[in-house]
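Shown next, in C-alpha cells, is the structure this report addresses.
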Amino acid sequence: MSDLPQGWATATLNDLLGADGLFSDGDWVESKDQDPDGTNRLLQLADIGDGFFVDKSSRYVNDEKFSSLNCTELKEGDVLIARMPAPLGRACLLPAMPQRCLTVVDVAVFRVGGTGVSNKWLMHFLNSSTLRREMELNSSGTTRKRISRGKLGEILLSIPPVAEQIRIATKLDELMAQVNTLKACIDDIPKLLKRFRQSVLAAAVSGRLTEEWRGSAQLTSIRALLNEIAMERSDLKARKILKANVGRFDAVDELYPLPCASWEWVCFDQISKNDNNALKAGPFGSALKKSDCVQAGYKVYGQEQVISGDENLVTYFIDENKFKELEACRVGAEDILISLVGTIGKVLVLSKKAEIGIINPRLVKISVHPDVSKSYLKLYLDSEVAHGFFKRFSHGGTMEILNLGILRELPIPLPSIAEQTEIVRRVEQLFAFADQLETRVKATQARVNGLTQSILTKAFRGELVQQDANDEPAGVLLERIKAQRAAAPKAKRGRRPAMVG
C-alpha cells in the first residue's frame with residue numbers, strides 16, 4: 001500500500017469508526033435464550049453472503065431476552081462481517097428487514113455513522129482478495145479459522161477520498177450485477193445438460209433416436225435371439241446343468257408402445273446368461289463380516305465402486321475360503337452391478353479386465369447373455385423410465401431401498417442387436433458432445449469467479465474509476481473522524497454479557 005493513488009491514505013477499520021458509529025461483535029445468545037415465537041430475528045453466519053445478504057436462518061429472540069442480554073439492534077446498511085469461514089471475512093450489507101434484528105457473536109458489525117465513509121465501498125473492499133489474505137494471516141484456530149474483532153480492526157486499508165469511494169461503489173454495483181447475471185446464466189447450463197442427457201436417453205429407449213436409421217436398415221427381430229436363449233435353457237435344464245426355475249418370468253408389462261415389430265418388451269430373466277446365479281443379490285450381512293476382510297485376495301465390490309463409476313476403487317478383500325463360501329455372489333468381466341440402498345439404481349458395467357470378486361449386500365449382480373448389449377441396458381437403467389419404475393416400487397423409511405425382485409419385474413424395451421449397437425453409438429456421440437460442453441462451462445465458471453476478484457483488485461488499486469483532484473483527500477477525512485471522536489463525550493459503560501473476540 002506504499003504506492004497509493006493521489007488523495008488516498010492508509011488507515012484501519014478502527015480509524016474509520018465515527019463518534020456515532022459502531023464496531024462490535026454480535027451477541028452471545030445461547031440456544032436456551034432463543035424463542036421460536038420471538039419477534040427479534042437472530043442472524044446467523046449462514047445469512048452472511050459474499051457481498052450479499054442470504055436471508056437463510058430462522059432463529060428468534062423475544063423482547064424480554066433481547067433486553068436482559070442488552071443486545072445490539074442492527075440497522076439497515078450495517079456492514080456484517082463473518083469472523084469464521086467459509087470464506088473467512090466475507091461481508092454484506094444488512095438490507096431493510098421486517099423485524100428488529102441482532103446477530104451472533106461470530107459476526108462483527110461495523111456501522112460507519114456520520115463520517116461520510118461509503119458502507120458499500122467498505123463492504124466490497126472487505127470482500128477483496130487483498131483483505132482476505134490479510135484476514136487469513138491474522139486468523140487463529142486449527143479445525144476452523146477465526147479472526148478476532150481486535151485483529152480485524154487493526155488490518156491496514158487503503159482509503160480513497162469519500163467522493164471516490166462513492167464512485168467506486170457505484171461502478172462495482174454495476175459491474176457485479178453484470179457478473180452475477182452472467183454467472184447465473186452459466187450456472188444454469190449444467191442443469192440444461194442434465195435435461196439434455198435425459199432427453200437423449202428417452203429418445204434412445206423409445207426408438208425415436210434411431211427412427212430414420214431403421215428406415216434404411218434390414219432388421220432381424222429380437223424375438224429370434226429370445227427363442228434361441230429359451231432353446232439353450234431347455235437343453236441345459238434337461239441335462240440338469242441349469243435349475244428348473246432359471247429364466248422363469250411372468251408376463252412383461254408394456255410401459256409404452258414400441259416403435260416397430262423388431263422390438264420386444266422383455267425382463268432380465270429372459271436375457272440373462274444361462275447360469276444359475278446370473279441374477280444375484282449380495283449375501284446377507286451376517287454372511288460377510290468385517291472380520292472376513294484381508295489385505296489381498298478376492299475383491300469385494302460395493303456401492304463405492306458403482307456410485308463413483310470406478311471399478312478399480314479398492315475397498316476390501318476376502319480370502320479364497322470365504323470366496324468359495326460366497327461364490328454364488330461371484331462377479332467378473334462385463335457383469336452389471338446395481339446399487340440397492342440410498343442412491344438406488346446406480347449402474348456400473350464391469351470391463352473385460354475387471355477383477356474377479358463378489359458383491360456386498362448393497363448390490364445386485366446381473367450377468368446377461370453375451371449377444372445383448374450391456375451398454376444399451378445401462379442406458380435404459382440410467383433413463384427416467386427405469387428410475388420412475390424403481391421409485392414406484394422401492395421402499396424404505398429414511399432411505400429408498402431397491403431389491404432383486406423389483407429388478408426382475410422391470411420391463412425392458414429391447415430392439416434388435418444391430419439397433420442396440422446403433423443406439424449406443426449415437427448416445428455416446430451426443431454424450432461426448434455434452435461432456436465437452438460441460439468441460440468448457442467449468443472453465444468459464446472458473447474465469448467468471450476470478451473476474452469478480454480481478455474487478456475488486458482494480459478497484460482498490462485506484463484503477464477502476466478516475467481520480468479527481470478536486471476530491472477532498474482521505475487524510476482530511478481521517479483527521480476529521482479523529483477530531484470528532486476526541487470531542488465526543490465518553491459513553492458510560494453499561495453492563496453487557498461477555499463476548500468472544
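Lettering and numbering for the C-alpha cells are positional, with chains as A, B, ... in the shown order, residues counted from 1 in each chain, and ligands counted from 1 in the shown order.
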Practice task
Find the spatial neighbours of Arg485 in chain A, counting only C-alpha atoms, within a cut-off of 10 Å - ignore same-chain residues fewer than 4 positions away - and output them as a list in words.
Solution key: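 My list of contacting residues is Asp15, Leu17, Gly18, Ala19, Asp20, Gly21, Glu479, Arg480, Ile481, Pro489 and Lys490 of chain A.
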Exercise for the section: Go through range 13-114 of chain A and collect every residue that DSSP, computed from the backbone, puts in alpha helix (DSSP H); the answer should be as a VMD selection string. Expected result: chain A and resid 13 to 16 63 to 68
Write out the residues from the selection above, keeping N, CA and C atoms, as a PDB file, in the first residue's frame.
ATOM      1  N   LEU A  13      -9.779  -0.194  10.158  1.00  0.00           N
ATOM      2  CA  LEU A  13     -11.218  -0.105  10.432  1.00  0.00           C
ATOM      3  C   LEU A  13     -11.456   0.729  11.691  1.00  0.00           C
ATOM      4  N   ASN A  14     -10.605   0.539  12.677  1.00  0.00           N
ATOM      5  CA  ASN A  14     -10.743   1.328  13.912  1.00  0.00           C
ATOM      6  C   ASN A  14     -10.668   2.822  13.615  1.00  0.00           C
ATOM      7  N   ASP A  15      -9.791   3.210  12.674  1.00  0.00           N
ATOM      8  CA  ASP A  15      -9.629   4.634  12.339  1.00  0.00           C
ATOM      9  C   ASP A  15     -10.855   5.190  11.623  1.00  0.00           C
ATOM     10  N   LEU A  16     -11.610   4.320  10.934  1.00  0.00           N
ATOM     11  CA  LEU A  16     -12.782   4.784  10.171  1.00  0.00           C
ATOM     12  C   LEU A  16     -14.038   4.914  11.021  1.00  0.00           C
ATOM     13  N   ASP A  63     -38.646 -10.233  23.193  1.00  0.00           N
ATOM     14  CA  ASP A  63     -38.286  -8.878  23.650  1.00  0.00           C
ATOM     15  C   ASP A  63     -37.641  -8.893  25.034  1.00  0.00           C
ATOM     16  N   GLU A  64     -38.134  -9.756  25.909  1.00  0.00           N
ATOM     17  CA  GLU A  64     -37.598  -9.813  27.268  1.00  0.00           C
ATOM     18  C   GLU A  64     -36.131 -10.250  27.258  1.00  0.00           C
ATOM     19  N   LYS A  65     -35.821 -11.265  26.478  1.00  0.00           N
ATOM     20  CA  LYS A  65     -34.446 -11.751  26.406  1.00  0.00           C
ATOM     21  C   LYS A  65     -33.549 -10.737  25.681  1.00  0.00           C
ATOM     22  N   PHE A  66     -34.082 -10.088  24.667  1.00  0.00           N
ATOM     23  CA  PHE A  66     -33.325  -9.049  23.953  1.00  0.00           C
ATOM     24  C   PHE A  66     -32.881  -7.974  24.941  1.00  0.00           C
ATOM     25  N   SER A  67     -33.795  -7.591  25.835  1.00  0.00           N
ATOM     26  CA  SER A  67     -33.492  -6.546  26.814  1.00  0.00           C
ATOM     27  C   SER A  67     -32.547  -7.038  27.902  1.00  0.00           C
ATOM     28  N   SER A  68     -32.803  -8.234  28.431  1.00  0.00           N
ATOM     29  CA  SER A  68     -31.984  -8.736  29.544  1.00  0.00           C
ATOM     30  C   SER A  68     -30.549  -9.029  29.115  1.00  0.00           C
TER      31      SER A  68
END
Handout entry: Spatial neighbours of Asp310 in chain A, max dist 10 Å, only C-alpha atoms, sep filter under 4 positions, as an MDAnalysis selection string
Key = chainID A and resid 304:306 314 348:350
Problem - Which of range 78-191 of chain A DSSP labels strand (DSSP E or B), written as a list in words - result: Val79, Leu80, Ile81, Ala82, Ala91, Cys92, Leu93, Cys101, Leu102, Thr103, Val104, Val107, Ala108, Val109, Phe110, Arg111, Ser140, Arg146, Leu156, Leu157, Ser158 and Ile159 of chain A
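Proximity ranking of A:Asp50, A:Glu409, A:Thr439, A:Val104 relative to Trp28 in chain A places A:Val104 first, based on only C-alpha atoms.
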Problem - Selection near range 445-454 of chain A, 12 Å with only C-alpha atoms, sequence-local residues under 5 positions removed, as a ChimeraX atom specification - result: /A:50-51,124-132,172-173,175-190,438-440,459-461,463-464
Write to file, as an mmCIF file, in the first residue's frame, the residues of the selection just made, with N, CA and C atoms.
data_model
loop_
_atom_site.group_PDB
_atom_site.id
_atom_site.type_symbol
_atom_site.label_atom_id
_atom_site.label_comp_id
_atom_site.auth_asym_id
_atom_site.auth_seq_id
_atom_site.Cartn_x
_atom_site.Cartn_y
_atom_site.Cartn_z
ATOM 1 N N ASP A 50 -21.201 -13.580 0.418
ATOM 2 C CA ASP A 50 -20.001 -12.915 -0.086
ATOM 3 C C ASP A 50 -20.428 -11.722 -0.947
ATOM 4 N N GLY A 51 -20.797 -10.628 -0.260
ATOM 5 C CA GLY A 51 -21.255 -9.437 -0.961
ATOM 6 C C GLY A 51 -22.758 -9.319 -1.050
ATOM 7 N N HIS A 124 -17.386 -3.945 -0.203
ATOM 8 C CA HIS A 124 -16.668 -4.505 -1.353
ATOM 9 C C HIS A 124 -15.185 -4.696 -1.034
ATOM 10 N N PHE A 125 -14.583 -3.728 -0.350
ATOM 11 C CA PHE A 125 -13.157 -3.824 -0.028
ATOM 12 C C PHE A 125 -12.891 -5.026 0.878
ATOM 13 N N LEU A 126 -13.772 -5.248 1.858
ATOM 14 C CA LEU A 126 -13.607 -6.381 2.762
ATOM 15 C C LEU A 126 -13.679 -7.717 2.019
ATOM 16 N N ASN A 127 -14.391 -7.745 0.899
ATOM 17 C CA ASN A 127 -14.533 -8.980 0.125
ATOM 18 C C ASN A 127 -13.437 -9.162 -0.927
ATOM 19 N N SER A 128 -12.499 -8.239 -0.971
ATOM 20 C CA SER A 128 -11.430 -8.346 -1.966
ATOM 21 C C SER A 128 -10.378 -9.355 -1.522
ATOM 22 N N SER A 129 -9.656 -9.912 -2.474
ATOM 23 C CA SER A 129 -8.629 -10.912 -2.165
ATOM 24 C C SER A 129 -7.506 -10.310 -1.310
ATOM 25 N N THR A 130 -7.241 -9.011 -1.496
ATOM 26 C CA THR A 130 -6.202 -8.345 -0.698
ATOM 27 C C THR A 130 -6.520 -8.430 0.787
ATOM 28 N N LEU A 131 -7.755 -8.079 1.132
ATOM 29 C CA LEU A 131 -8.159 -8.123 2.546
ATOM 30 C C LEU A 131 -8.310 -9.551 3.032
ATOM 31 N N ARG A 132 -8.778 -10.438 2.147
ATOM 32 C CA ARG A 132 -8.944 -11.849 2.554
ATOM 33 C C ARG A 132 -7.602 -12.450 2.981
ATOM 34 N N LEU A 172 -18.801 -0.622 -8.977
ATOM 35 C CA LEU A 172 -18.769 -2.027 -8.570
ATOM 36 C C LEU A 172 -20.169 -2.627 -8.560
ATOM 37 N N ASP A 173 -21.152 -1.878 -8.079
ATOM 38 C CA ASP A 173 -22.535 -2.368 -8.100
ATOM 39 C C ASP A 173 -22.956 -2.706 -9.531
ATOM 40 N N LEU A 175 -20.943 -3.359 -12.201
ATOM 41 C CA LEU A 175 -20.180 -4.481 -12.762
ATOM 42 C C LEU A 175 -20.547 -5.809 -12.099
ATOM 43 N N MET A 176 -20.729 -5.796 -10.781
ATOM 44 C CA MET A 176 -21.066 -7.033 -10.084
ATOM 45 C C MET A 176 -22.435 -7.549 -10.512
ATOM 46 N N ALA A 177 -23.359 -6.635 -10.790
ATOM 47 C CA ALA A 177 -24.679 -7.061 -11.280
ATOM 48 C C ALA A 177 -24.538 -7.779 -12.616
ATOM 49 N N GLN A 178 -23.661 -7.249 -13.478
ATOM 50 C CA GLN A 178 -23.420 -7.894 -14.775
ATOM 51 C C GLN A 178 -22.751 -9.251 -14.601
ATOM 52 N N VAL A 179 -21.753 -9.303 -13.708
ATOM 53 C CA VAL A 179 -21.053 -10.573 -13.456
ATOM 54 C C VAL A 179 -22.022 -11.602 -12.882
ATOM 55 N N ASN A 180 -22.865 -11.176 -11.939
ATOM 56 C CA ASN A 180 -23.811 -12.107 -11.324
ATOM 57 C C ASN A 180 -24.836 -12.625 -12.329
ATOM 58 N N THR A 181 -25.261 -11.752 -13.241
ATOM 59 C CA THR A 181 -26.190 -12.187 -14.296
ATOM 60 C C THR A 181 -25.515 -13.223 -15.182
ATOM 61 N N LEU A 182 -24.276 -12.929 -15.568
ATOM 62 C CA LEU A 182 -23.510 -13.870 -16.398
ATOM 63 C C LEU A 182 -23.303 -15.189 -15.657
ATOM 64 N N LYS A 183 -22.960 -15.098 -14.377
ATOM 65 C CA LYS A 183 -22.719 -16.304 -13.576
ATOM 66 C C LYS A 183 -23.988 -17.140 -13.469
ATOM 67 N N ALA A 184 -25.129 -16.482 -13.270
ATOM 68 C CA ALA A 184 -26.398 -17.220 -13.152
ATOM 69 C C ALA A 184 -26.719 -17.960 -14.446
ATOM 70 N N CYS A 185 -26.455 -17.307 -15.580
ATOM 71 C CA CYS A 185 -26.705 -17.949 -16.878
ATOM 72 C C CYS A 185 -25.802 -19.164 -17.057
ATOM 73 N N ILE A 186 -24.523 -19.008 -16.720
ATOM 74 C CA ILE A 186 -23.571 -20.116 -16.875
ATOM 75 C C ILE A 186 -23.896 -21.244 -15.903
ATOM 76 N N ASP A 187 -24.298 -20.877 -14.677
ATOM 77 C CA ASP A 187 -24.606 -21.896 -13.674
ATOM 78 C C ASP A 187 -25.830 -22.722 -14.058
ATOM 79 N N ASP A 188 -26.684 -22.184 -14.944
ATOM 80 C CA ASP A 188 -27.870 -22.931 -15.388
ATOM 81 C C ASP A 188 -27.535 -23.978 -16.442
ATOM 82 N N ILE A 189 -26.389 -23.835 -17.096
ATOM 83 C CA ILE A 189 -26.060 -24.740 -18.204
ATOM 84 C C ILE A 189 -25.930 -26.194 -17.756
ATOM 85 N N PRO A 190 -25.262 -26.516 -16.623
ATOM 86 C CA PRO A 190 -25.213 -27.919 -16.200
ATOM 87 C C PRO A 190 -26.594 -28.539 -16.019
ATOM 88 N N GLU A 438 -19.642 -29.357 -21.077
ATOM 89 C CA GLU A 438 -19.571 -29.237 -19.627
ATOM 90 C C GLU A 438 -18.165 -28.846 -19.174
ATOM 91 N N THR A 439 -17.149 -29.389 -19.839
ATOM 92 C CA THR A 439 -15.767 -29.028 -19.521
ATOM 93 C C THR A 439 -15.527 -27.543 -19.784
ATOM 94 N N ARG A 440 -16.061 -27.068 -20.908
ATOM 95 C CA ARG A 440 -15.914 -25.638 -21.230
ATOM 96 C C ARG A 440 -16.657 -24.770 -20.217
ATOM 97 N N ALA A 459 -10.287 -2.077 -8.491
ATOM 98 C CA ALA A 459 -10.970 -1.009 -7.752
ATOM 99 C C ALA A 459 -10.104 -0.489 -6.621
ATOM 100 N N PHE A 460 -9.450 -1.402 -5.901
ATOM 101 C CA PHE A 460 -8.729 -0.984 -4.706
ATOM 102 C C PHE A 460 -7.251 -0.723 -4.958
ATOM 103 N N ARG A 461 -6.895 -0.705 -6.262
ATOM 104 C CA ARG A 461 -5.605 -0.134 -6.661
ATOM 105 C C ARG A 461 -5.815 1.260 -7.255
ATOM 106 N N GLU A 463 -7.717 1.849 -9.998
ATOM 107 C CA GLU A 463 -7.697 1.748 -11.451
ATOM 108 C C GLU A 463 -9.086 1.571 -12.076
ATOM 109 N N LEU A 464 -10.140 1.518 -11.243
ATOM 110 C CA LEU A 464 -11.469 1.252 -11.778
ATOM 111 C C LEU A 464 -12.185 2.533 -12.197
#
Handout entry: Val162 in chain A surroundings by only C-alpha atoms, 12 Å radius, close-in-sequence under 3 positions cut, as a PyMOL selection string
Key = chain A and resi 7-9+16+115-122+159+165-169+467-468+470-478
Practice task
Measuring atom to atom with only C-alpha atoms, identify which of A:Arg197, A:Arg149, A:Arg59, A:Arg408 is nearest to Asp435 in chain A.
Solution key: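 Closest to Asp435 in chain A of all the choices is A:Arg197.
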Handout entry: Shell of 9 Å around Leu363 in chain A, only C-alpha atoms, local chain residues under 5 positions omitted, as a PyMOL selection string
Key = chain A and resi 280-282+301-303+306+337-341+403
Exercise for the section: For Phe268 in chain A, please output as a PyMOL selection string all residues within 12 Å (counting only C-alpha atoms; exclusion window: fewer than 2 positions along the same chain). Expected result: chain A and resi 226+246-250+252+265-266+270-274+278-280+336+365-369+372+374+377+381+404-414
Can I get the selection written as a short mmCIF file (atom, residue, chain, number, x, y, z; two decimals), in the first residue's frame, with N, CA and C atoms?
data_model
loop_
_atom_site.label_atom_id
_atom_site.label_comp_id
_atom_site.auth_asym_id
_atom_site.auth_seq_id
_atom_site.Cartn_x
_atom_site.Cartn_y
_atom_site.Cartn_z
N LEU A 226 -34.34 -64.30 -28.45
CA LEU A 226 -35.07 -64.77 -27.27
C LEU A 226 -35.43 -66.25 -27.41
N VAL A 246 -34.65 -71.36 -13.35
CA VAL A 246 -33.85 -70.32 -14.01
C VAL A 246 -34.60 -69.81 -15.24
N GLY A 247 -34.74 -68.51 -15.34
CA GLY A 247 -35.36 -67.91 -16.51
C GLY A 247 -36.87 -67.84 -16.46
N ARG A 248 -37.49 -68.30 -15.37
CA ARG A 248 -38.95 -68.21 -15.27
C ARG A 248 -39.36 -66.75 -15.05
N PHE A 249 -40.45 -66.36 -15.69
CA PHE A 249 -40.92 -64.97 -15.55
C PHE A 249 -42.41 -64.91 -15.85
N ASP A 250 -43.03 -63.89 -15.28
CA ASP A 250 -44.43 -63.61 -15.58
C ASP A 250 -44.50 -62.75 -16.82
N VAL A 252 -44.62 -59.72 -19.19
CA VAL A 252 -43.96 -58.42 -19.03
C VAL A 252 -44.93 -57.30 -19.41
N TRP A 265 -40.80 -56.18 -25.47
CA TRP A 265 -40.70 -55.93 -24.04
C TRP A 265 -40.21 -57.21 -23.38
N VAL A 266 -39.10 -57.13 -22.66
CA VAL A 266 -38.53 -58.31 -22.02
C VAL A 266 -38.22 -57.98 -20.56
N GLN A 270 -35.31 -63.16 -19.00
CA GLN A 270 -35.31 -63.63 -20.39
C GLN A 270 -33.95 -63.47 -21.07
N ILE A 271 -33.19 -62.47 -20.65
CA ILE A 271 -31.96 -62.16 -21.39
C ILE A 271 -30.70 -62.39 -20.56
N SER A 272 -30.85 -63.05 -19.40
CA SER A 272 -29.68 -63.32 -18.57
C SER A 272 -28.86 -64.47 -19.13
N LYS A 273 -27.64 -64.60 -18.65
CA LYS A 273 -26.78 -65.72 -19.03
C LYS A 273 -27.43 -67.03 -18.58
N ASN A 274 -27.06 -68.09 -19.24
CA ASN A 274 -27.53 -69.40 -18.82
C ASN A 274 -26.67 -69.88 -17.66
N ALA A 278 -27.07 -66.04 -12.46
CA ALA A 278 -26.96 -64.88 -13.36
C ALA A 278 -27.58 -63.64 -12.75
N LEU A 279 -28.65 -63.80 -12.00
CA LEU A 279 -29.30 -62.69 -11.29
C LEU A 279 -29.14 -62.97 -9.81
N LYS A 280 -28.34 -62.14 -9.14
CA LYS A 280 -27.99 -62.46 -7.76
C LYS A 280 -27.84 -61.21 -6.91
N ILE A 336 -23.17 -56.61 -14.79
CA ILE A 336 -23.83 -55.34 -14.46
C ILE A 336 -24.08 -55.31 -12.96
N LYS A 365 -26.10 -58.25 -8.79
CA LYS A 365 -25.29 -58.56 -9.97
C LYS A 365 -26.20 -59.17 -11.04
N ILE A 366 -26.08 -58.66 -12.28
CA ILE A 366 -26.84 -59.22 -13.39
C ILE A 366 -25.85 -59.59 -14.50
N SER A 367 -25.81 -60.87 -14.83
CA SER A 367 -24.99 -61.35 -15.95
C SER A 367 -25.93 -61.61 -17.12
N VAL A 368 -25.75 -60.87 -18.21
CA VAL A 368 -26.67 -61.01 -19.33
C VAL A 368 -26.04 -61.83 -20.45
N HIS A 369 -26.91 -62.32 -21.34
CA HIS A 369 -26.48 -63.13 -22.49
C HIS A 369 -25.45 -62.34 -23.30
N VAL A 372 -26.49 -59.70 -25.95
CA VAL A 372 -27.25 -58.50 -25.57
C VAL A 372 -26.25 -57.42 -25.16
N LYS A 374 -24.61 -54.83 -23.13
CA LYS A 374 -24.62 -54.33 -21.76
C LYS A 374 -24.69 -52.81 -21.72
N LEU A 377 -28.27 -51.74 -22.11
CA LEU A 377 -29.02 -51.94 -20.86
C LEU A 377 -28.69 -50.87 -19.84
N LEU A 381 -31.22 -48.41 -17.92
CA LEU A 381 -31.26 -48.34 -16.46
C LEU A 381 -30.98 -46.92 -15.95
N LEU A 404 -33.84 -57.25 -5.69
CA LEU A 404 -33.76 -58.05 -6.90
C LEU A 404 -35.14 -58.36 -7.46
N GLY A 405 -36.11 -58.54 -6.55
CA GLY A 405 -37.47 -58.82 -7.02
C GLY A 405 -38.02 -57.71 -7.90
N ILE A 406 -37.79 -56.46 -7.50
CA ILE A 406 -38.25 -55.32 -8.31
C ILE A 406 -37.51 -55.29 -9.64
N LEU A 407 -36.19 -55.53 -9.61
CA LEU A 407 -35.41 -55.52 -10.84
C LEU A 407 -35.86 -56.61 -11.81
N ARG A 408 -36.29 -57.74 -11.28
CA ARG A 408 -36.74 -58.83 -12.15
C ARG A 408 -38.05 -58.47 -12.85
N GLU A 409 -38.81 -57.56 -12.24
CA GLU A 409 -40.10 -57.17 -12.83
C GLU A 409 -39.97 -55.99 -13.79
N LEU A 410 -38.79 -55.38 -13.83
CA LEU A 410 -38.60 -54.20 -14.68
C LEU A 410 -38.80 -54.54 -16.15
N PRO A 411 -39.79 -53.91 -16.82
CA PRO A 411 -39.95 -54.13 -18.27
C PRO A 411 -38.83 -53.41 -19.02
N ILE A 412 -38.22 -54.10 -19.99
CA ILE A 412 -37.10 -53.56 -20.77
C ILE A 412 -37.46 -53.55 -22.24
N PRO A 413 -37.44 -52.36 -22.88
CA PRO A 413 -37.71 -52.31 -24.33
C PRO A 413 -36.46 -52.70 -25.10
N LEU A 414 -36.48 -53.87 -25.73
CA LEU A 414 -35.26 -54.40 -26.34
C LEU A 414 -35.37 -54.43 -27.87
#
Handout entry: Pick from A:Thr170, A:Gln436, A:Thr143, A:Ser148 nearest to Asp106 in chain A, counting only C-alpha atoms
Key =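 Distance minimum relative to Asp106 in chain A lands on A:Ser148.
Note that the spacing between CA of Lys353 in chain A and CA of Leu313 in chain A amounts to 13.8 Å.
Shortest atom-to-atom contact with Gly345 in chain A among A:Ile307, A:Ala108, A:Ile455, A:Leu22: A:Ile307, counting only C-alpha atoms.
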Handout entry: Between CA of Ser416 in chain A and CA of Glu212 in chain A, distance in Å (one decimal)
Key =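 Straight-line distance from CA of Ser416 in chain A to CA of Glu212 in chain A works out to 15.1 Å.
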Practice task
Could you jot down the CA of Gly215 in chain A to CA of Tyr380 in chain A separation for me, Å, one decimal place?
Solution key: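 According to the coordinates, CA of Gly215 in chain A and CA of Tyr380 in chain A are separated by 22.6 Å.
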